[in-house]
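Visitor: So here's my_file-v1.txt (compact mmCIF, C-alpha atoms).
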```txt
# COMPACT_ATOMS: atom_id res chain seq x y z
CA MET Z 9 80.39 -115.44 155.32
CA SER Z 10 78.21 -117.50 157.60
CA ASP Z 11 75.51 -118.80 155.28
CA THR Z 12 74.93 -118.83 151.58
CA ILE Z 13 71.30 -117.78 151.38
CA GLY Z 14 71.89 -114.74 153.56
CA LEU Z 15 69.62 -115.16 156.58
CA SER Z 16 71.96 -113.07 158.73
CA VAL Z 17 71.81 -110.34 156.10
CA LEU Z 18 68.02 -110.52 156.18
CA ARG Z 19 68.07 -109.98 159.92
CA GLY Z 20 70.57 -107.17 159.51
CA VAL Z 21 68.40 -105.23 157.06
CA ILE Z 22 65.23 -105.64 159.11
CA HIS Z 23 67.07 -104.55 162.23
CA ARG Z 24 68.56 -101.50 160.51
CA ASP Z 25 65.28 -100.36 158.93
CA LEU Z 26 63.35 -100.73 162.18
CA ARG Z 27 65.99 -98.75 164.03
CA LEU Z 28 65.91 -96.02 161.39
CA ALA Z 29 62.12 -95.87 161.64
CA MET Z 30 62.33 -95.49 165.41
CA ARG Z 31 64.52 -92.42 164.86
CA ARG Z 32 61.86 -90.91 162.60
CA LYS Z 33 58.62 -91.89 164.21
CA SER Z 34 56.49 -89.41 162.26
CA ASP Z 35 57.05 -91.43 159.08
CA VAL Z 36 55.62 -94.48 160.79
CA LEU Z 37 52.70 -92.70 162.40
CA THR Z 38 51.47 -90.79 159.34
CA PRO Z 39 49.86 -93.80 157.57
CA LEU Z 40 48.28 -94.91 160.83
CA PHE Z 41 46.73 -91.51 161.51
CA PHE Z 42 45.57 -91.35 157.91
CA PHE Z 43 43.92 -94.74 158.28
CA ALA Z 44 42.24 -93.85 161.58
CA ILE Z 45 40.97 -90.51 160.30
CA VAL Z 46 39.62 -91.77 156.96
CA VAL Z 47 37.85 -94.71 158.58
CA SER Z 48 36.37 -92.52 161.32
CA LEU Z 49 35.07 -89.92 158.90
CA PHE Z 50 32.69 -92.33 157.19
CA PRO Z 51 30.37 -93.04 160.14
CA LEU Z 52 30.31 -89.30 160.83
CA GLY Z 53 29.42 -88.47 157.26
CA ILE Z 54 26.90 -91.22 156.66
CA GLY Z 55 25.05 -91.09 159.94
CA SER Z 56 24.13 -93.74 162.42
CA GLU Z 57 22.12 -96.17 160.31
CA ARG Z 58 23.59 -99.41 161.54
CA ASP Z 59 22.59 -101.55 158.58
CA THR Z 60 24.19 -99.23 156.08
CA LEU Z 61 27.35 -98.94 158.17
CA ARG Z 62 27.64 -102.69 158.62
CA GLN Z 63 27.24 -103.15 154.88
CA ILE Z 64 29.91 -100.69 153.81
CA ALA Z 65 32.38 -101.41 156.63
CA PRO Z 66 34.54 -104.10 154.93
CA GLY Z 67 34.98 -102.09 151.77
CA ILE Z 68 35.84 -98.87 153.57
CA LEU Z 69 38.28 -100.47 155.99
CA TRP Z 70 40.02 -102.31 153.22
CA VAL Z 71 40.22 -99.33 150.85
CA ALA Z 72 41.54 -97.14 153.67
CA ALA Z 73 44.14 -99.76 154.64
CA LEU Z 74 45.16 -100.08 151.01
CA LEU Z 75 45.66 -96.33 150.58
CA ALA Z 76 47.40 -96.00 153.93
CA SER Z 77 49.88 -98.75 153.10
CA MET Z 78 50.63 -96.96 149.83
CA LEU Z 79 51.21 -93.60 151.48
CA SER Z 80 54.90 -94.03 152.28
CA LEU Z 81 55.65 -96.47 149.49
CA ASP Z 82 57.73 -94.05 147.44
CA ARG Z 83 60.09 -93.73 150.40
CA LEU Z 84 60.76 -97.46 150.54
CA PHE Z 85 63.93 -97.30 148.44
CA GLU Z 86 64.22 -93.55 147.90
CA GLN Z 87 66.46 -92.75 150.86
CA ASP Z 88 68.70 -95.77 150.38
CA TYR Z 89 69.07 -94.73 146.75
CA ALA Z 90 69.92 -91.12 147.58
CA ASP Z 91 72.49 -91.80 150.31
CA GLY Z 92 74.24 -94.61 148.45
CA THR Z 93 73.34 -97.50 150.74
CA LEU Z 94 71.36 -99.12 147.94
CA GLU Z 95 74.50 -99.09 145.83
CA GLN Z 96 76.38 -100.78 148.65
CA MET Z 97 73.62 -103.37 148.99
CA ALA Z 98 73.84 -104.15 145.28
CA LEU Z 99 77.58 -104.71 145.71
CA SER Z 100 77.19 -106.87 148.79
CA PRO Z 101 78.15 -110.52 148.35
CA ALA Z 102 74.77 -111.44 149.82
CA PRO Z 103 71.96 -111.92 147.28
CA LEU Z 104 70.17 -108.62 146.60
CA GLY Z 105 66.86 -110.48 146.63
CA MET Z 106 67.41 -111.31 150.30
CA LEU Z 107 68.14 -107.66 151.09
CA VAL Z 108 64.98 -106.63 149.25
CA LEU Z 109 62.99 -109.24 151.16
CA GLY Z 110 64.35 -107.78 154.39
CA LYS Z 111 63.32 -104.29 153.40
CA VAL Z 112 59.80 -105.43 152.48
CA VAL Z 113 59.41 -107.33 155.75
CA ALA Z 114 60.56 -104.27 157.71
CA TYR Z 115 58.15 -102.11 155.71
CA TRP Z 116 55.30 -104.46 156.50
CA LEU Z 117 56.18 -104.52 160.20
CA LEU Z 118 55.96 -100.73 160.18
CA THR Z 119 52.79 -100.28 158.11
CA GLY Z 120 50.86 -103.51 157.50
CA LEU Z 121 51.11 -104.93 160.99
CA PRO Z 122 49.99 -101.79 162.87
CA LEU Z 123 47.12 -101.37 160.37
CA THR Z 124 46.06 -104.96 160.99
CA LEU Z 125 46.06 -104.42 164.73
CA LEU Z 126 44.27 -101.09 164.51
CA ALA Z 127 41.55 -102.16 162.08
CA PRO Z 128 39.36 -104.27 164.43
CA LEU Z 129 39.31 -101.39 166.88
CA LEU Z 130 38.22 -98.90 164.26
CA ALA Z 131 35.70 -101.38 162.88
CA LEU Z 132 33.74 -101.09 166.11
CA GLN Z 133 32.46 -97.76 164.82
CA PHE Z 134 30.68 -99.69 162.08
CA ASP Z 135 28.97 -102.06 164.50
CA LEU Z 136 30.59 -105.16 162.99
CA ALA Z 137 29.94 -108.42 164.80
CA THR Z 138 32.83 -110.11 166.63
CA PRO Z 139 33.31 -112.95 164.10
CA SER Z 140 33.53 -110.37 161.31
CA LEU Z 141 36.14 -108.43 163.28
CA LEU Z 142 38.29 -111.52 163.55
CA VAL Z 143 37.96 -112.25 159.85
CA LEU Z 144 38.82 -108.62 159.11
CA ALA Z 145 42.02 -108.89 161.15
CA ALA Z 146 42.89 -112.22 159.53
CA SER Z 147 42.28 -110.94 156.01
CA LEU Z 148 44.43 -107.86 156.67
CA ALA Z 149 47.15 -110.00 158.23
CA ILE Z 150 47.35 -112.05 155.03
CA GLY Z 151 46.55 -109.24 152.61
CA THR Z 152 48.80 -106.40 153.77
CA PRO Z 153 52.06 -108.36 153.15
CA VAL Z 154 50.85 -108.81 149.57
CA LEU Z 155 50.36 -105.05 149.34
CA SER Z 156 53.92 -104.50 150.61
CA PHE Z 157 55.40 -106.98 148.12
CA ILE Z 158 53.54 -105.55 145.13
CA GLY Z 159 54.26 -102.04 146.36
CA ALA Z 160 57.99 -102.80 146.41
CA ILE Z 161 57.87 -103.61 142.69
CA GLY Z 162 56.18 -100.28 141.98
CA ALA Z 163 58.61 -98.38 144.23
CA SER Z 164 61.65 -99.92 142.54
CA LEU Z 165 60.30 -99.26 139.05
CA THR Z 166 59.76 -95.56 139.77
CA LEU Z 167 63.00 -95.08 141.70
CA GLY Z 168 64.75 -91.84 140.84
CA LEU Z 169 61.90 -90.51 138.70
CA ARG Z 170 60.28 -87.13 139.20
CA GLY Z 171 56.69 -87.40 140.35
CA GLY Z 172 57.42 -90.98 141.38
CA SER Z 173 54.80 -91.11 144.09
CA VAL Z 174 51.92 -90.46 141.68
CA LEU Z 175 53.32 -92.99 139.27
CA VAL Z 176 53.63 -95.62 141.99
CA ALA Z 177 49.92 -95.19 142.73
CA LEU Z 178 49.00 -95.57 139.06
CA LEU Z 179 51.20 -98.63 138.65
CA VAL Z 180 50.34 -100.39 141.84
CA LEU Z 181 46.64 -99.71 142.45
CA PRO Z 182 45.35 -101.92 139.62
CA LEU Z 183 47.47 -104.77 141.01
CA TYR Z 184 45.95 -104.23 144.45
CA VAL Z 185 42.44 -104.88 143.13
CA PRO Z 186 42.40 -108.69 143.57
CA VAL Z 187 43.62 -108.29 147.15
CA LEU Z 188 40.89 -105.75 147.80
CA ILE Z 189 38.19 -107.98 146.32
CA PHE Z 190 39.16 -111.08 148.27
CA GLY Z 191 39.97 -109.15 151.44
CA ALA Z 192 36.75 -107.19 151.63
CA GLY Z 193 34.88 -110.22 150.26
CA SER Z 194 36.03 -112.38 153.14
CA VAL Z 195 34.55 -109.99 155.71
CA ASP Z 196 31.31 -109.74 153.71
CA ALA Z 197 31.07 -113.50 153.50
CA ALA Z 198 31.64 -113.85 157.23
CA ALA Z 199 28.97 -111.23 157.93
CA VAL Z 200 26.29 -113.12 156.00
CA GLY Z 201 27.38 -116.43 157.50
CA LEU Z 202 28.93 -118.02 154.41
CA GLY Z 203 32.34 -118.58 155.96
CA ALA Z 204 35.47 -116.78 154.92
CA THR Z 205 37.78 -119.74 154.38
CA ALA Z 206 37.60 -119.69 150.60
CA HIS Z 207 38.48 -116.00 150.39
CA LEU Z 208 41.26 -116.27 152.93
CA SER Z 209 42.75 -119.30 151.16
CA LEU Z 210 42.81 -117.38 147.90
CA LEU Z 211 44.49 -114.45 149.66
CA GLY Z 212 47.02 -116.88 151.11
CA ALA Z 213 47.75 -118.26 147.66
CA VAL Z 214 48.30 -114.74 146.32
CA LEU Z 215 50.66 -114.07 149.24
CA VAL Z 216 52.76 -117.15 148.49
CA LEU Z 217 52.94 -116.20 144.84
CA THR Z 218 53.98 -112.59 145.45
CA ALA Z 219 56.43 -113.50 148.22
CA PHE Z 220 58.16 -115.72 145.70
CA PHE Z 221 58.17 -113.50 142.63
CA ALA Z 222 58.05 -109.91 143.91
CA PRO Z 223 61.57 -109.79 145.48
CA TRP Z 224 62.99 -111.13 142.24
CA ALA Z 225 61.16 -108.55 140.10
CA THR Z 226 62.11 -105.79 142.53
CA THR Z 227 65.76 -106.83 142.37
CA VAL Z 228 65.79 -106.61 138.58
CA ALA Z 229 64.16 -103.17 138.65
CA LEU Z 230 66.62 -101.93 141.29
CA ARG Z 231 69.62 -103.04 139.28
CA ILE Z 232 68.27 -101.13 136.29
CA ALA Z 233 67.69 -98.04 138.46
CA LEU Z 234 71.30 -98.21 139.68
CA GLU Z 235 72.88 -98.40 136.23
CA MET C 18 94.36 -109.61 138.63
CA LEU C 19 91.94 -107.05 137.28
CA GLN C 20 91.60 -106.67 133.55
CA ALA C 21 89.56 -104.23 131.54
CA ILE C 22 89.19 -105.13 127.89
CA ASN C 23 88.05 -102.64 125.25
CA LEU C 24 85.62 -100.72 127.43
CA ASP C 25 83.37 -98.18 125.76
CA CYS C 26 81.30 -95.55 127.47
CA VAL C 27 78.58 -93.60 125.73
CA ARG C 28 76.38 -91.22 127.69
CA GLY C 29 73.56 -89.80 125.60
CA GLU C 30 75.15 -88.50 122.40
CA ARG C 31 78.63 -88.21 123.83
CA ARG C 32 81.29 -90.86 123.71
CA LEU C 33 83.28 -90.54 126.92
CA PHE C 34 85.92 -93.14 126.24
CA HIS C 35 86.55 -95.76 123.61
CA ASN C 36 88.54 -98.99 123.56
CA LEU C 37 89.91 -98.54 127.04
CA SER C 38 92.00 -101.46 128.22
CA PHE C 39 94.30 -102.02 131.16
CA GLN C 40 95.58 -104.75 133.39
CA LEU C 41 96.46 -104.59 137.07
CA LYS C 42 98.41 -107.26 138.89
CA ALA C 43 98.58 -107.80 142.64
CA GLY C 44 100.21 -104.84 144.37
CA GLU C 45 99.47 -102.42 141.57
CA CYS C 46 97.42 -99.27 141.60
CA LEU C 47 95.59 -97.41 138.88
CA LEU C 48 95.05 -93.68 139.07
CA VAL C 49 92.27 -92.44 136.83
CA HIS C 50 92.62 -88.82 135.84
CA GLY C 51 90.25 -86.67 133.83
CA GLU C 52 88.22 -83.51 133.88
CA ASN C 53 84.81 -83.25 135.50
CA GLY C 54 82.32 -85.22 133.45
CA SER C 55 84.97 -87.11 131.55
CA GLY C 56 83.67 -90.51 132.64
CA LYS C 57 85.82 -91.40 135.64
CA THR C 58 82.91 -92.42 137.80
CA SER C 59 81.30 -94.24 134.87
CA LEU C 60 84.49 -96.25 134.44
CA LEU C 61 84.62 -97.14 138.12
CA ARG C 62 80.97 -98.19 138.12
CA MET C 63 81.72 -100.46 135.17
CA LEU C 64 84.65 -101.97 137.02
CA VAL C 65 82.55 -102.83 140.06
CA GLY C 66 79.67 -104.12 137.95
CA LEU C 67 77.01 -101.53 138.76
CA THR C 68 76.85 -100.39 135.14
CA PRO C 69 76.88 -103.21 132.62
CA THR C 70 79.46 -102.87 129.88
CA ALA C 71 77.96 -102.29 126.45
CA THR C 72 81.06 -103.55 124.68
CA GLY C 73 84.15 -105.10 126.14
CA ALA C 74 84.42 -106.80 129.49
CA VAL C 75 85.94 -106.62 132.94
CA HIS C 76 87.79 -109.71 134.10
CA TRP C 77 88.82 -110.65 137.63
CA GLN C 78 91.44 -113.42 137.97
CA GLY C 79 90.77 -114.34 134.36
CA SER C 80 86.98 -114.72 134.46
CA PRO C 81 84.39 -112.11 133.52
CA ILE C 82 82.93 -110.43 136.61
CA LYS C 83 79.41 -110.98 135.31
CA LYS C 84 79.96 -114.71 135.61
CA LEU C 85 81.70 -114.50 138.97
CA GLY C 86 78.83 -112.56 140.59
CA ASP C 87 79.03 -112.68 144.37
CA GLU C 88 82.44 -114.33 144.24
CA TYR C 89 83.75 -111.07 142.75
CA ARG C 90 81.75 -108.88 145.10
CA ARG C 91 83.29 -110.72 148.04
CA GLU C 92 86.71 -109.43 146.93
CA LEU C 93 85.57 -105.91 146.21
CA LEU C 94 85.30 -102.74 148.21
CA TYR C 95 83.74 -99.73 146.49
CA CYS C 96 83.56 -96.24 147.94
CA GLY C 97 81.41 -94.12 145.67
CA HIS C 98 80.31 -90.51 145.71
CA PRO C 99 77.25 -90.94 147.87
CA LEU C 100 78.84 -92.08 151.11
CA GLY C 101 76.34 -94.76 151.99
CA LEU C 102 75.81 -93.39 155.49
CA LYS C 103 72.50 -92.98 157.29
CA ASP C 104 72.19 -89.52 158.82
CA ALA C 105 70.03 -90.74 161.67
CA LEU C 106 72.47 -93.43 162.80
CA SER C 107 75.74 -92.91 164.63
CA ALA C 108 79.11 -93.61 163.02
CA THR C 109 79.39 -96.89 164.92
CA GLU C 110 75.89 -98.02 163.99
CA ASN C 111 76.49 -97.11 160.37
CA LEU C 112 79.65 -99.18 160.15
CA ILE C 113 78.15 -102.14 161.98
CA SER C 114 75.07 -102.20 159.74
CA SER C 115 77.22 -101.75 156.66
CA MET C 116 79.24 -104.79 157.72
CA GLU C 117 76.06 -106.77 158.40
CA LEU C 118 74.73 -105.97 154.93
CA ASN C 119 78.00 -107.31 153.58
CA ASP C 120 77.42 -110.55 155.42
CA GLU C 121 80.33 -109.98 157.79
CA SER C 122 80.13 -109.61 161.53
CA VAL C 123 82.16 -107.19 163.57
CA THR C 124 82.36 -106.26 167.22
CA GLN C 125 81.86 -102.77 168.54
CA ASP C 126 85.45 -102.64 169.82
CA VAL C 127 86.86 -103.28 166.36
CA VAL C 128 84.64 -100.53 164.92
CA HIS C 129 85.73 -98.11 167.65
CA GLU C 130 89.37 -98.88 166.93
CA ALA C 131 88.81 -98.22 163.21
CA LEU C 132 87.09 -94.92 164.01
CA ARG C 133 89.94 -93.97 166.32
CA GLN C 134 92.40 -94.53 163.52
CA ALA C 135 90.19 -92.44 161.28
CA GLY C 136 90.55 -89.61 163.78
CA LEU C 137 87.01 -89.75 165.12
CA GLN C 138 87.69 -90.66 168.71
CA GLY C 139 84.96 -89.34 170.97
CA ARG C 140 82.51 -89.02 168.08
CA GLU C 141 81.63 -92.69 167.76
CA HIS C 142 78.12 -92.22 169.09
CA LEU C 143 77.29 -88.91 167.48
CA SER C 144 74.68 -89.18 164.77
CA VAL C 145 76.28 -88.76 161.36
CA ARG C 146 74.04 -85.76 160.70
CA ALA C 147 76.14 -83.81 163.22
CA LEU C 148 79.44 -84.57 161.49
CA SER C 149 81.18 -82.36 158.95
CA GLN C 150 81.68 -83.43 155.32
CA GLY C 151 85.27 -84.44 155.98
CA GLN C 152 84.31 -86.40 159.08
CA LYS C 153 81.59 -88.22 157.15
CA ARG C 154 84.17 -89.13 154.55
CA ARG C 155 86.41 -90.47 157.32
CA VAL C 156 83.58 -92.68 158.60
CA ASN C 157 83.07 -93.94 155.07
CA LEU C 158 86.78 -94.68 154.66
CA ALA C 159 86.97 -96.47 158.00
CA ARG C 160 85.46 -99.37 156.05
CA LEU C 161 88.89 -99.81 154.47
CA LEU C 162 90.12 -100.99 157.87
CA LEU C 163 87.16 -103.25 158.57
CA GLN C 164 86.52 -105.07 155.32
CA LYS C 165 89.34 -107.28 154.17
CA ARG C 166 88.99 -107.09 150.41
CA ALA C 167 91.54 -107.60 147.65
CA LEU C 168 90.29 -104.92 145.30
CA TRP C 169 89.62 -101.36 146.36
CA VAL C 170 87.75 -99.09 143.98
CA LEU C 171 87.69 -95.59 145.41
CA ASP C 172 85.96 -92.67 143.74
CA GLU C 173 87.72 -89.48 144.80
CA PRO C 174 88.54 -90.71 148.29
CA LEU C 175 90.34 -87.50 149.25
CA THR C 176 87.40 -85.15 148.68
CA ALA C 177 86.76 -82.94 151.71
CA LEU C 178 89.63 -84.47 153.68
CA ASP C 179 92.26 -82.34 155.41
CA THR C 180 95.99 -82.87 154.82
CA GLN C 181 96.42 -85.19 157.76
CA ALA C 182 93.52 -87.43 156.80
CA SER C 183 94.69 -87.47 153.17
CA LEU C 184 98.07 -88.76 154.35
CA TRP C 185 96.27 -91.39 156.42
CA VAL C 186 94.32 -92.59 153.36
CA VAL C 187 97.42 -92.63 151.16
CA GLY C 188 99.18 -94.64 153.87
CA LEU C 189 96.29 -97.12 153.94
CA ILE C 190 96.42 -97.54 150.17
CA ASP C 191 100.19 -98.05 150.29
CA GLN C 192 99.81 -100.69 152.94
CA HIS C 193 97.04 -102.38 150.95
CA LEU C 194 99.24 -102.50 147.87
CA SER C 195 102.25 -103.83 149.75
CA ASN C 196 100.00 -106.62 151.07
CA GLY C 197 99.31 -107.65 147.49
CA GLY C 198 96.04 -105.77 147.07
CA ILE C 199 94.87 -103.88 144.00
CA ALA C 200 93.47 -100.36 144.04
CA VAL C 201 91.74 -98.22 141.44
CA LEU C 202 91.13 -94.61 142.34
CA THR C 203 90.17 -91.31 140.84
CA THR C 204 91.51 -88.12 142.27
CA HIS C 205 92.21 -84.53 141.33
CA GLN C 206 95.04 -84.24 143.82
CA ASP C 207 98.62 -85.29 143.24
CA LEU C 208 99.24 -88.62 144.87
CA THR C 209 102.53 -90.30 145.50
CA LEU C 210 102.24 -93.97 146.23
CA THR C 211 105.17 -96.23 146.85
CA GLY C 212 103.77 -99.19 144.88
CA THR C 213 103.63 -99.59 141.12
CA THR C 214 101.23 -96.97 139.87
CA HIS C 215 99.63 -96.81 136.44
CA VAL C 216 97.97 -93.64 135.31
CA ILE C 217 95.28 -93.34 132.69
CA ARG C 218 93.46 -90.27 131.52
CA VAL C 219 89.87 -90.61 130.37
CA GLY C 220 87.99 -88.15 128.20
CA ILE C 221 88.82 -87.19 124.67
```
How would this structure read if it were set down as structure tokens?

Guide:
Amino acid sequence: MSDTIGLSVLRGVIHRDLRLAMRRKSDVLTPLFFFAIVVSLFPLGIGSERDTLRQIAPGILWVAALLASMLSLDRLFEQDYADGTLEQMALSPAPLGMLVLGKVVAYWLLTGLPLTLLAPLLALQFDLATPSLLVLAASLAIGTPVLSFIGAIGASLTLGLRGGSVLVALLVLPLYVPVLIFGAGSVDAAAVGLGATAHLSLLGAVLVLTAFFAPWATTVALRIALE
Amino acid sequence: MLQAINLDCVRGERRLFHNLSFQLKAGECLLVHGENGSGKTSLLRMLVGLTPTATGAVHWQGSPIKKLGDEYRRELLYCGHPLGLKDALSATENLISSMELNDESVTQDVVHEALRQAGLQGREHLSVRALSQGQKRRVNLARLLLQKRALWVLDEPLTALDTQASLWVVGLIDQHLSNGGIAVLTTHQDLTLTGTTHVIRVGI
């Protein structure tokens, strides 16, 4: 009963989800391994032509990050739905939107953040210059939260459906396209010396927009799923 | 005061109940009887606001619950069929996080005391996965001791409980009613409560 907007609830959800993830580490590690493996396979398959590698690096890293962050998306609400905690959340006096926000933040901390930290390291295989590495990390730091927010909408819309994970991909991937274009574009721009500020600002704007609207849309979809 | 006015429930082609109305004042209890699949859980989900009512309305203290929103949810405790417990967490952690999600804070000692009363002394730190069905149910029902709510909506609270635990739950409900609370519950067992008890039977 401490505050009306539910900041303590937000902390509670994040805390709970992180603790649950620590009890099931394999769920957290799978997307990271997937990301590392996919990214590492490209230099092996293409060969050691540095110019080619440098050229394709931003696209490959971003596409791999995008797929990796989608890998465990269908589990975002699935378990809470099955064991009844989602029901309890919907009946909590705290706003459901705040609880959803907490879940998305926790999800990002477990997928987006590690991917962001891992990406510059993996990018070394592509012989990217240091400024490009920094831009890559920055673009992922801004872009992956967007992926988590949009992903939450997809996950809530397909909650309780058979074959939900395929459907999530179909629903969500088209919405990821702008993030991919601006994210990979920023690294490209930095590589040719154009400066990445414009791309990163656009990504930032998309983040603000989704952070505002996605929890609301997710909440509506969750309430329908619980009916 | 909890009021249900002309509730209808249609699932697919089947009409489960029609024009169902009742009124519960402070200290009163409603027992919902009915066969499996007769719409007991559907009724309870309507009462708590999870399922919107197609026709009719549910009123709490004279206002529709849809309008009251979180004000109503602050007065409400719902124990549904899925127990709302995380297998990977211990009983204590489950209850503490459940309280946090309800925007209430609780100390570990209070939770331990509630678990002791639920007959789970010595199992506070065991992960819920290791507990039996009945013990899980006891953890779930320990919330009755922790959350101070005026309206209890319990969906078959006695499932999987042994005789002793059933008596404990009935005692808790009695105490709740004598404190001026309201309870709505479904059960297949015979219950004797000391407070005023209304019985309705759903299903045609």

Visitor: With 10 Å as the cut-off and only C-alpha atoms counted, what is the closest atom pair between each nearby residue of chain C and chain Z? Distances in Å to one decimal, ordered by chain and number, as a Markdown table.

Guide:
```
| residue | atom | partner | partner_atom | distance |
| --- | --- | --- | --- | --- |
| C:Ser59 | CA | Z:Glu235 | CA | 9.5 |
| C:Arg62 | CA | Z:Glu235 | CA | 8.3 |
| C:Met63 | CA | Z:Glu235 | CA | 9.1 |
| C:Val65 | CA | Z:Leu99 | CA | 7.8 |
| C:Gly66 | CA | Z:Leu99 | CA | 8.1 |
| C:Leu67 | CA | Z:Glu235 | CA | 5.8 |
| C:Thr68 | CA | Z:Glu235 | CA | 4.6 |
| C:Pro69 | CA | Z:Glu235 | CA | 7.2 |
| C:Gly86 | CA | Z:Pro101 | CA | 8.1 |
| C:Asp87 | CA | Z:Pro101 | CA | 4.6 |
| C:Glu88 | CA | Z:Pro101 | CA | 7.1 |
| C:Tyr89 | CA | Z:Pro101 | CA | 7.9 |
| C:Arg90 | CA | Z:Pro101 | CA | 5.1 |
| C:Arg91 | CA | Z:Pro101 | CA | 5.2 |
| C:Glu92 | CA | Z:Pro101 | CA | 8.7 |
| C:Leu93 | CA | Z:Leu99 | CA | 8.1 |
| C:Leu94 | CA | Z:Leu99 | CA | 8.4 |
| C:Tyr95 | CA | Z:Gln96 | CA | 7.7 |
| C:Cys96 | CA | Z:Gln96 | CA | 8.5 |
| C:Gly97 | CA | Z:Gly92 | CA | 7.7 |
| C:His98 | CA | Z:Gly92 | CA | 7.8 |
| C:Pro99 | CA | Z:Gly92 | CA | 4.8 |
| C:Leu100 | CA | Z:Gly92 | CA | 5.9 |
| C:Gly101 | CA | Z:Gly92 | CA | 4.1 |
| C:Leu102 | CA | Z:Asp91 | CA | 6.4 |
| C:Lys103 | CA | Z:Asp91 | CA | 7.1 |
| C:Asp104 | CA | Z:Asp91 | CA | 8.8 |
| C:Ala105 | CA | Z:Arg31 | CA | 6.6 |
| C:Leu106 | CA | Z:Leu28 | CA | 7.2 |
| C:Glu110 | CA | Z:Arg24 | CA | 8.8 |
| C:Asn111 | CA | Z:Arg24 | CA | 9.1 |
| C:Ile113 | CA | Z:Gly20 | CA | 9.4 |
| C:Ser114 | CA | Z:Arg24 | CA | 6.6 |
| C:Ser115 | CA | Z:Gln96 | CA | 8.1 |
| C:Met116 | CA | Z:Gly20 | CA | 9.2 |
| C:Glu117 | CA | Z:Gly20 | CA | 5.6 |
| C:Leu118 | CA | Z:Val17 | CA | 5.4 |
| C:Asn119 | CA | Z:Ser100 | CA | 4.9 |
| C:Asp120 | CA | Z:Val17 | CA | 5.7 |
| C:Glu121 | CA | Z:Met9 | CA | 6.0 |
| C:Ser122 | CA | Z:Met9 | CA | 8.5 |
```

Visitor: Tell me, as a PDB file with C-alpha atoms, keeping the file's coordinate frame, which residues lie within 12 Å of Thr166 in chain Z, counting all atoms listed in the file; anything in the same chain fewer than 5 positions away does not count.

Guide:
```
ATOM      1  CA  LEU Z  81      55.650 -96.470 149.490  1.00  0.00           C
ATOM      2  CA  ASP Z  82      57.730 -94.050 147.440  1.00  0.00           C
ATOM      3  CA  ARG Z  83      60.090 -93.730 150.400  1.00  0.00           C
ATOM      4  CA  LEU Z  84      60.760 -97.460 150.540  1.00  0.00           C
ATOM      5  CA  PHE Z  85      63.930 -97.300 148.440  1.00  0.00           C
ATOM      6  CA  GLU Z  86      64.220 -93.550 147.900  1.00  0.00           C
ATOM      7  CA  TYR Z  89      69.070 -94.730 146.750  1.00  0.00           C
ATOM      8  CA  GLY Z 159      54.260-102.040 146.360  1.00  0.00           C
ATOM      9  CA  ALA Z 160      57.990-102.800 146.410  1.00  0.00           C
ATOM     10  CA  ILE Z 161      57.870-103.610 142.690  1.00  0.00           C
ATOM     11  CA  GLY Z 171      56.690 -87.400 140.350  1.00  0.00           C
ATOM     12  CA  GLY Z 172      57.420 -90.980 141.380  1.00  0.00           C
ATOM     13  CA  SER Z 173      54.800 -91.110 144.090  1.00  0.00           C
ATOM     14  CA  VAL Z 174      51.920 -90.460 141.680  1.00  0.00           C
ATOM     15  CA  LEU Z 175      53.320 -92.990 139.270  1.00  0.00           C
ATOM     16  CA  VAL Z 176      53.630 -95.620 141.990  1.00  0.00           C
ATOM     17  CA  ALA Z 177      49.920 -95.190 142.730  1.00  0.00           C
ATOM     18  CA  LEU Z 178      49.000 -95.570 139.060  1.00  0.00           C
ATOM     19  CA  LEU Z 179      51.200 -98.630 138.650  1.00  0.00           C
ATOM     20  CA  VAL Z 180      50.340-100.390 141.840  1.00  0.00           C
ATOM     21  CA  THR Z 226      62.110-105.790 142.530  1.00  0.00           C
ATOM     22  CA  ALA Z 229      64.160-103.170 138.650  1.00  0.00           C
ATOM     23  CA  LEU Z 230      66.620-101.930 141.290  1.00  0.00           C
ATOM     24  CA  ILE Z 232      68.270-101.130 136.290  1.00  0.00           C
ATOM     25  CA  ALA Z 233      67.690 -98.040 138.460  1.00  0.00           C
ATOM     26  CA  LEU Z 234      71.300 -98.210 139.680  1.00  0.00           C
TER      27      LEU Z 234
END
```

Visitor: Identify which of the residues C:Lys42, C:Lys57, C:Arg140, C:Lys153 lies closest to Leu175 in chain C, counting all atoms listed in the file when measuring atom-to-atom distances.

Guide: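 Distance minimum relative to Leu175 in chain C lands on C:Lys153.
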
Visitor: Can you sort out the box for range 134-150 of chain Z, edges along x, y and z, all listed atoms in, 5 Å on every side, with centre and edge lengths in Å to one decimal, as AutoDock Vina command-line options?

Guide:
```
--center_x 38.2 --center_y -106.3 --center_z 160.8 --size_x 28.4 --size_y 23.3 --size_z 21.6
```

Visitor: Between CA of Ile190 in chain C and CA of His205 in chain C, measure the distance and give it in Å to one decimal.

Guide: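 Atom-to-atom, CA of Ile190 in chain C to CA of His205 in chain C, that is 16.3 Å.
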
Visitor: Counting all atoms listed in the file, what is within 6 Å of range 19-30 of chain C, bar same-chain residues fewer than 2 positions away, as a list in words?

Guide: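 The filter keeps Arg32, Leu33, Phe34, His35, Asn36, Leu37, Ser38, Phe39, Gln40, Leu41, Thr72, Gly73, Ala74, Val75, His76 and Trp77 of chain C.
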
Visitor: Do a neighbour search on range 47-54 of chain C at 8 Å with all atoms listed in the file, toss out local chain neighbours closer than 6 positions, and write the hits as a list in words.

Guide: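 Here the qualifying residues turn out to be Leu41, Ala200, Val201, Leu202, Thr203, Thr204, His205, Thr214, His215, Val216, Ile217, Arg218, Val219 and Gly220 of chain C.
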